[in-house]
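Q: This one is target_27.cif, mmCIF, C-alpha atoms and all ligand atoms.
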```cif
data_run
loop_
_atom_site.label_atom_id
_atom_site.label_comp_id
_atom_site.auth_asym_id
_atom_site.auth_seq_id
_atom_site.Cartn_x
_atom_site.Cartn_y
_atom_site.Cartn_z
CA MET A 269 79.87 117.42 76.68
CA THR A 270 83.60 117.90 77.21
CA GLN A 271 84.65 117.30 80.82
CA MET A 272 88.42 117.65 80.50
CA SER A 273 90.38 119.23 77.69
CA LEU A 274 94.08 119.34 77.01
CA THR A 275 95.37 122.08 74.74
CA ASN A 276 98.87 122.04 73.24
CA VAL A 277 100.23 120.08 76.21
CA THR A 278 103.99 119.58 76.17
CA MET A 279 105.89 117.68 78.89
CA GLN A 280 109.62 118.15 78.97
CA PHE A 281 112.00 116.13 81.18
CA GLY A 282 115.20 118.17 80.86
CA PRO A 283 116.14 118.00 77.18
CA PHE A 284 113.75 115.08 76.54
CA ARG A 285 110.24 115.86 75.34
CA ALA A 286 107.81 113.11 76.43
CA LEU A 287 104.65 114.86 75.16
CA THR A 288 104.50 117.28 72.24
CA ASP A 289 101.68 119.75 71.64
CA LEU A 290 98.94 117.30 72.57
CA SER A 291 95.33 118.51 72.25
CA PHE A 292 92.15 116.49 72.79
CA GLY A 293 88.98 116.40 74.90
CA ILE A 294 87.49 113.78 77.22
CA GLU A 295 83.69 113.55 77.10
CA ARG A 296 81.68 113.28 80.33
CA GLY A 297 80.63 109.67 81.00
CA GLU A 298 82.70 108.04 78.26
CA ILE A 299 85.19 105.20 78.52
CA LEU A 300 88.25 106.49 76.71
CA GLY A 301 91.06 104.08 75.92
CA VAL A 302 94.61 105.38 75.55
CA ALA A 303 97.04 103.21 73.61
CA GLY A 304 100.37 103.43 71.86
CA PRO A 305 103.70 101.62 71.79
CA ASN A 306 106.08 101.35 74.76
CA GLY A 307 107.47 104.74 75.69
CA ALA A 308 104.80 106.60 73.68
CA GLY A 309 104.02 108.81 76.68
CA LYS A 310 100.81 107.21 77.95
CA SER A 311 101.70 107.22 81.65
CA THR A 312 103.13 110.72 81.34
CA LEU A 313 99.86 111.86 79.76
CA MET A 314 97.88 110.26 82.57
CA ASN A 315 100.00 111.98 85.20
CA VAL A 316 99.61 115.34 83.47
CA CYS A 317 95.84 114.81 83.76
CA THR A 318 95.81 113.66 87.39
CA GLY A 319 98.42 116.04 88.81
CA GLY A 320 101.37 113.66 89.25
CA LEU A 321 103.08 115.96 86.75
CA GLN A 322 102.45 119.55 85.74
CA ALA A 323 102.64 120.21 81.99
CA THR A 324 105.65 122.26 80.89
CA ARG A 325 103.49 124.09 78.36
CA GLY A 326 99.84 124.09 77.37
CA SER A 327 96.75 123.76 79.54
CA VAL A 328 94.55 121.18 81.25
CA VAL A 329 90.97 122.32 81.89
CA PHE A 330 88.49 120.33 83.99
CA ASN A 331 84.82 121.32 84.21
CA GLY A 332 85.75 124.71 82.81
CA GLN A 333 88.51 125.35 85.37
CA ASP A 334 92.19 125.63 84.44
CA ILE A 335 93.95 123.02 86.62
CA THR A 336 97.30 122.94 84.81
CA GLY A 337 99.33 123.86 87.91
CA PHE A 338 97.26 121.86 90.42
CA LYS A 339 98.86 119.01 92.39
CA ARG A 340 97.31 115.55 92.72
CA HIS A 341 95.44 116.15 96.02
CA SER A 342 93.86 119.36 94.69
CA ARG A 343 92.70 117.56 91.56
CA CYS A 344 91.33 114.71 93.71
CA GLY A 345 89.36 117.40 95.54
CA LEU A 346 87.77 118.35 92.22
CA GLY A 347 86.80 114.74 91.48
CA ILE A 348 89.81 113.37 89.58
CA ALA A 349 91.04 109.95 90.76
CA GLN A 350 93.71 107.55 89.56
CA THR A 351 94.53 103.86 89.88
CA PHE A 352 97.97 102.43 89.20
CA GLN A 353 99.40 99.48 87.32
CA ILE A 354 100.76 97.93 90.51
CA PRO A 355 98.00 98.12 93.13
CA THR A 356 98.85 100.62 95.86
CA LEU A 357 97.01 99.37 98.94
CA LEU A 358 97.21 99.59 102.70
CA SER A 359 98.28 95.97 102.96
CA SER A 360 98.28 95.75 106.76
CA VAL A 361 94.53 96.38 107.02
CA THR A 362 91.35 94.79 105.62
CA VAL A 363 89.54 95.35 102.33
CA GLY A 364 86.85 97.38 104.16
CA GLU A 365 89.45 99.56 105.88
CA ASN A 366 91.12 100.30 102.52
CA LEU A 367 87.81 101.61 101.19
CA LEU A 368 87.25 103.56 104.40
CA ALA A 369 90.68 105.18 104.01
CA GLY A 370 89.69 106.29 100.50
CA GLN A 371 86.47 107.72 101.86
CA ILE A 372 88.22 109.59 104.70
CA PHE A 373 90.67 111.12 102.20
CA GLY A 374 87.76 112.01 99.91
CA HIS A 375 85.96 113.74 102.80
CA GLU A 376 89.06 115.78 103.53
CA VAL A 377 89.74 117.02 100.02
CA ARG A 378 86.29 116.88 98.49
CA GLY A 379 83.69 116.95 101.28
CA ALA A 380 81.21 114.29 102.40
CA ALA A 381 78.52 115.52 99.98
CA MET A 382 80.25 113.76 97.09
CA ASP A 383 80.14 110.39 98.83
CA ILE A 384 79.34 107.21 96.97
CA PRO A 385 77.93 104.85 99.66
CA LEU A 386 80.46 102.15 100.58
CA ARG A 387 77.80 99.43 100.18
CA ASP A 388 77.36 100.50 96.52
CA ILE A 389 81.11 100.40 95.99
CA LEU A 390 81.35 96.94 97.58
CA TYR A 391 78.57 95.73 95.29
CA LEU A 392 80.04 97.25 92.12
CA THR A 393 83.55 95.98 92.80
CA GLN A 394 82.20 92.58 93.93
CA LEU A 395 83.98 92.84 97.26
CA GLU A 396 80.91 92.29 99.46
CA ASP A 397 82.12 88.91 100.71
CA GLN A 398 85.66 90.09 101.32
CA LEU A 399 85.10 93.02 103.64
CA THR A 400 87.21 91.56 106.47
CA LEU A 401 89.89 89.97 104.29
CA PRO A 402 93.38 91.35 105.07
CA ALA A 403 94.46 93.17 101.90
CA SER A 404 97.84 91.41 102.12
CA GLN A 405 96.07 88.09 101.43
CA ALA A 406 94.16 89.30 98.36
CA ASP A 407 95.00 87.93 94.91
CA LEU A 408 95.90 90.31 92.05
CA LEU A 409 92.36 90.73 90.70
CA THR A 410 91.04 91.39 94.20
CA ARG A 411 93.83 93.92 94.81
CA LYS A 412 92.80 95.70 91.60
CA ARG A 413 89.18 95.72 92.77
CA ILE A 414 90.24 97.16 96.14
CA MET A 415 92.28 99.91 94.46
CA LEU A 416 89.34 100.80 92.21
CA GLY A 417 87.01 100.69 95.24
CA ALA A 418 89.28 103.03 97.22
CA ALA A 419 89.43 105.42 94.25
CA LEU A 420 85.62 105.34 94.01
CA ALA A 421 85.40 106.03 97.74
CA THR A 422 86.95 109.47 97.16
CA GLY A 423 83.77 110.37 95.22
CA PRO A 424 85.30 110.99 91.78
CA GLU A 425 83.73 112.27 88.55
CA ILE A 426 86.53 110.76 86.45
CA ILE A 427 88.98 107.90 87.08
CA PHE A 428 92.25 107.43 85.21
CA MET A 429 93.33 103.77 85.23
CA ASP A 430 96.93 102.91 84.33
CA GLU A 431 97.08 99.44 82.71
CA PRO A 432 94.21 98.00 84.78
CA LEU A 433 94.40 94.64 82.96
CA GLY A 434 98.17 94.12 83.42
CA GLY A 435 99.01 90.71 84.89
CA LEU A 436 95.45 89.33 84.67
CA ASN A 437 94.60 86.09 82.85
CA ALA A 438 91.90 85.91 80.14
CA GLN A 439 89.06 85.05 82.56
CA GLU A 440 90.13 87.74 85.03
CA ILE A 441 90.22 90.30 82.20
CA VAL A 442 86.60 89.49 81.34
CA GLU A 443 85.63 89.86 85.02
CA PHE A 444 87.45 93.14 85.56
CA LEU A 445 86.12 94.65 82.32
CA GLN A 446 82.63 93.83 83.62
CA VAL A 447 83.37 95.63 86.89
CA ILE A 448 84.62 98.71 85.00
CA ARG A 449 81.54 98.66 82.72
CA HIS A 450 79.23 98.50 85.76
CA VAL A 451 81.00 101.41 87.43
CA ARG A 452 80.40 103.57 84.36
CA GLU A 453 76.80 102.38 83.89
CA GLU A 454 75.72 102.67 87.53
CA LEU A 455 77.65 105.77 88.58
CA GLY A 456 78.09 107.61 85.28
CA ILE A 457 81.77 108.14 86.07
CA THR A 458 84.10 108.92 83.17
CA ILE A 459 86.84 106.32 82.79
CA VAL A 460 90.15 106.79 81.02
CA MET A 461 92.12 103.55 80.59
CA VAL A 462 95.74 103.36 79.49
CA GLU A 463 96.06 99.82 78.21
CA HIS A 464 98.31 97.69 76.01
CA LYS A 465 95.63 95.05 75.45
CA THR A 466 93.97 96.71 72.48
CA ARG A 467 91.48 93.90 71.87
CA ALA A 468 90.09 94.30 75.38
CA LEU A 469 90.14 98.07 74.93
CA ALA A 470 88.12 97.71 71.73
CA GLU A 471 85.48 95.75 73.67
CA ILE A 472 84.98 98.32 76.39
CA ALA A 473 85.98 101.75 75.09
CA ASP A 474 83.69 104.26 73.38
CA ARG A 475 86.74 105.89 71.81
CA ILE A 476 90.46 105.17 71.66
CA LEU A 477 93.24 107.75 71.62
CA ILE A 478 96.50 106.65 70.00
CA ILE A 479 99.72 108.48 70.78
CA ASN A 480 103.21 107.79 69.48
CA PHE A 481 106.50 109.50 70.42
CA GLY A 482 104.44 111.78 72.69
CA ALA A 483 102.33 113.12 69.84
CA PHE A 484 98.65 112.77 68.93
CA VAL A 485 98.00 110.16 66.23
CA MET A 486 94.26 109.53 66.23
CA LEU A 487 91.12 109.66 68.39
CA ASP A 488 88.01 107.84 67.20
CA THR A 489 85.84 104.78 67.80
CA PRO A 490 87.68 101.45 68.30
CA GLY A 491 86.55 100.10 64.92
CA VAL A 492 87.97 103.09 63.06
CA VAL A 493 91.17 103.43 65.10
CA LEU A 494 92.25 99.79 65.16
CA ASN A 495 91.69 99.35 61.44
CA ASP A 496 93.54 102.50 60.49
CA ASP A 497 96.60 101.73 58.36
CA HIS A 498 98.86 104.17 60.20
CA VAL A 499 97.83 102.77 63.60
CA VAL A 500 98.36 99.20 62.37
CA GLU A 501 101.81 100.24 61.15
CA ILE A 502 102.63 101.77 64.55
CA TYR A 503 101.78 98.41 66.09
CA LEU A 504 104.34 96.70 63.83
CA GLY A 505 101.85 95.26 61.39
CA LYS A 506 99.67 93.59 64.03
CA LYS A 507 96.04 94.69 64.06
CA HIS A 508 95.49 93.54 67.66
CA ASP A 509 97.57 92.18 70.47
CA ALA A 510 96.40 89.72 73.15
N1 LIG B 601 110.56 111.41 85.05
C1 LIG B 601 111.09 111.18 83.84
N2 LIG B 601 112.28 111.67 83.50
C2 LIG B 601 112.80 111.46 82.27
N3 LIG B 601 112.18 110.77 81.29
C3 LIG B 601 110.97 110.26 81.59
C4 LIG B 601 110.36 110.43 82.86
N4 LIG B 601 109.15 109.80 82.85
C5 LIG B 601 109.03 109.27 81.62
N5 LIG B 601 110.12 109.54 80.88
C6 LIG B 601 110.34 109.14 79.48
O1 LIG B 601 109.22 109.60 78.74
C7 LIG B 601 108.88 108.66 77.74
C8 LIG B 601 107.44 108.27 77.90
O2 LIG B 601 107.32 107.48 79.08
P1 LIG B 601 105.92 106.90 79.56
O3 LIG B 601 106.17 106.07 80.77
O4 LIG B 601 104.94 108.00 79.67
O5 LIG B 601 105.53 105.98 78.31
P2 LIG B 601 104.40 104.85 78.20
O6 LIG B 601 103.74 105.05 76.91
O7 LIG B 601 103.55 104.89 79.43
O8 LIG B 601 105.31 103.54 78.19
P3 LIG B 601 104.94 102.03 78.59
O9 LIG B 601 103.89 101.57 77.66
O10 LIG B 601 106.22 101.30 78.38
O11 LIG B 601 104.49 102.04 80.04
C9 LIG B 601 109.85 107.48 77.88
O12 LIG B 601 110.89 107.64 76.95
C10 LIG B 601 110.36 107.62 79.30
O13 LIG B 601 111.66 107.11 79.42
#
```
Let's see the structure in the file written out as structure tokens.
Ligand SMILES: Nc1ncnc2c1ncn2[C@@H]1O[C@H](COP(=O)(O)OP(=O)(O)OP(=O)(O)O)[C@@H](O)[C@H]1O
A:
Amino acid sequence: MTQMSLTNVTMQFGPFRALTDLSFGIERGEILGVAGPNGAGKSTLMNVCTGGLQATRGSVVFNGQDITGFKRHSRCGLGIAQTFQIPTLLSSVTVGENLLAGQIFGHEVRGAAMDIPLRDILYLTQLEDQLTLPASQADLLTRKRIMLGAALATGPEIIFMDEPLGGLNAQEIVEFLQVIRHVREELGITIVMVEHKTRALAEIADRILIINFGAFVMLDTPGVVLNDDHVVEIYLGKKHDA
């Protein structure tokens, strides 16, 4: 069942068009990977979905409601959350207080009824033993877990993750993919991941969307997408990166 749909979305920055006539749907409960070369428009697309940007033309519909003109906090109130490539944390407080801040914000915009218990979030993000750790002392993987935990604490139905694997080593990628898988399995939350690491994306995603020069190229299962001749060509002849 389609949870979010974009129809003919165009995003114009002055004379520059970053997204052109993009249409596709996100299915409830899926892990959707979004890939494409540098500058393809992936982050712009994510922001058009989460409210960081409002599409110049076209529409974004979530759970049957047209949210095209809604700002980020209004979309968060409807259950749309986002995590960023560089973890945005409250670094002067503890891990637990970061999650609490997410929950307080979620209560404000979304209401307490949508709560995911903090103990479940701590378990899923594997932060149970780090509740009192000052966020400033956390390593990169832990910071990514905290950011995901804080996003979960707002009680979302869908989370958009911008390059969640950026900066992680091979072992950390395996660990964080497992966390993301558990979040989807245990909470049924839809996850949309913008990611350059297409091999990792192929392991975790149900479907992968490829965009190039702001335009739709393909949306299908990883096996079909990453073996498609046109997609391979877009990636300069390489079938997979790291
Ligand atoms: N606020 C803005 N004003 C003008 N141009 C912008 C703005 N934001 C993005 N762009 C341009 O839009 C295009 C798409 O950028 P975007 O960051 O969405 O690409 P991307 O696929 O996420 O790239 P990368 O993989 O390098 O992160 C780029 O050419 C970028 O320079």
Q: Using all atoms listed in the file, find the one residue out of A:Lys465, A:His498, A:Arg343, A:Arg285 that sits nearest to ligand LIG 601 (chain B).
A: A:Arg285
Q: Ranking A:Met279, A:Val500, A:Leu392, A:Ala421 by minimum distance to ligand LIG 601 (chain B) and counting all atoms listed in the file, which one comes first?
A: A:Met279
Q: Could you pull out the residues sitting within 8 Å of ligand LIG 601 (chain B), using all atoms listed in the file, and write them as a PyMOL selection string?
A: chain A and resi 281-282+284-287+303-314+462+464+480-482
Q: Please produce, as CSV, a per-residue contact table for region 384-429 of chain A versus region 358-380 of chain A (criterion: any atom at most 9 Å away, only C-alpha atoms considered), showing the nearest atom pair and its distance in Å to one decimal, sorted by chain then residue number.
A:
```
residue,atom,partner,partner_atom,distance
A:Ile384,CA,A:Gln371,CA,8.7
A:Leu386,CA,A:Leu367,CA,7.4
A:Ile389,CA,A:Leu367,CA,8.6
A:Leu390,CA,A:Gly364,CA,8.6
A:Leu395,CA,A:Val363,CA,7.9
A:Gln398,CA,A:Val363,CA,6.6
A:Leu399,CA,A:Gly364,CA,4.7
A:Thr400,CA,A:Thr362,CA,5.3
A:Leu401,CA,A:Thr362,CA,5.2
A:Pro402,CA,A:Thr362,CA,4.0
A:Ala403,CA,A:Ser359,CA,4.9
A:Ser404,CA,A:Ser359,CA,4.7
A:Gln405,CA,A:Ser359,CA,8.3
A:Ala406,CA,A:Val363,CA,8.6
A:Arg411,CA,A:Val363,CA,8.8
A:Ile414,CA,A:Val363,CA,6.5
A:Met415,CA,A:Asn366,CA,8.2
A:Gly417,CA,A:Leu367,CA,6.1
A:Ala418,CA,A:Leu367,CA,4.5
A:Ala419,CA,A:Gly370,CA,6.3
A:Leu420,CA,A:Gly370,CA,7.7
A:Ala421,CA,A:Gln371,CA,4.6
A:Thr422,CA,A:Gly374,CA,3.8
A:Gly423,CA,A:Gly374,CA,6.4
A:Pro424,CA,A:Gly374,CA,8.6
```
Q: Check the smallest atom-to-atom distance from each of A:Gln333, A:Asn315, A:Thr288, A:Thr275 to Ile479 (chain A) using all atoms listed in the file, then report the winner.
A: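 Residue with the minimum atom-to-atom distance to Ile479 (chain A): A:Thr288.
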Q: Please tell me which residues are no farther than 7 Å from (90.9, 119.8, 77.9) in the file, counting only C-alpha atoms, and write them as a PyMOL selection string.
A: chain A and resi 272-275+292-294+328-330
Q: Given the choices A:Glu298, A:Asp488, A:Asp407, A:Glu501, which gets closest to Met461 (chain A) if the distance is worked out from all atoms listed in the file?
A: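 Selected residue with least distance to Met461 (chain A): A:Glu298.
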Q: Tell me, in Å to one decimal, how far CA of Pro432 (chain A) is from CA of Gln322 (chain A).
A: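 Those two atoms sit 23.1 Å apart.
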Q: Please provide as a PyMOL selection string all residues within 9 Å of Ala468 (chain A), with the sequence filter that same-chain residues fewer than 4 positions apart are discarded (counting all atoms listed in the file).
A: chain A and resi 433+441-442+445+463-464+472-473+510
Q: Tell me, as number ranges by chain, which residues lie within 8 Å of Phe352 (chain A), counting only C-alpha atoms; anything in the same chain fewer than 2 positions away does not count.
A: A: 350, 354-356, 429-432
Q: Would you save the residues of that selection, restricted to C-alpha atoms, as a PDB file, in the frame of the given file?
A:
```pdb
ATOM      1  CA  GLN A 350      93.710 107.550  89.560  1.00  0.00           C
ATOM      2  CA  ILE A 354     100.760  97.930  90.510  1.00  0.00           C
ATOM      3  CA  PRO A 355      98.000  98.120  93.130  1.00  0.00           C
ATOM      4  CA  THR A 356      98.850 100.620  95.860  1.00  0.00           C
ATOM      5  CA  MET A 429      93.330 103.770  85.230  1.00  0.00           C
ATOM      6  CA  ASP A 430      96.930 102.910  84.330  1.00  0.00           C
ATOM      7  CA  GLU A 431      97.080  99.440  82.710  1.00  0.00           C
ATOM      8  CA  PRO A 432      94.210  98.000  84.780  1.00  0.00           C
TER       9      PRO A 432
END
```
Q: Counting all atoms listed in the file, which of A:Thr466, A:Gln394, A:Thr489, A:Thr318 gets nearest to Val451 (chain A)?
A: A:Gln394
Q: To one decimal in Å, tell me the separation between CA of Val302 (chain A) and CA of Phe428 (chain A).
A: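 Calculated distance between CA of Val302 (chain A) and CA of Phe428 (chain A) is 10.2 Å.
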Q: Rounded to one decimal place, report the CA of Thr324 (chain A)-CA of Val499 (chain A) distance in Å.
A: 27.2 Å
Q: Which residue gives the smallest distance to Ala483 (chain A) among A:Glu471, A:Asp289, A:Glu295, A:Asp397, with all atoms listed in the file counted?
A: A:Asp289
Q: Identify, on the basis of only C-alpha atoms, every residue whose closest approach to Ser327 (chain A) does not exceed 8 Å; exclude the query and any residue fewer than 6 positions from it along the same chain; express the result as a PyMOL selection string.
A: chain A and resi 274-277+334-336
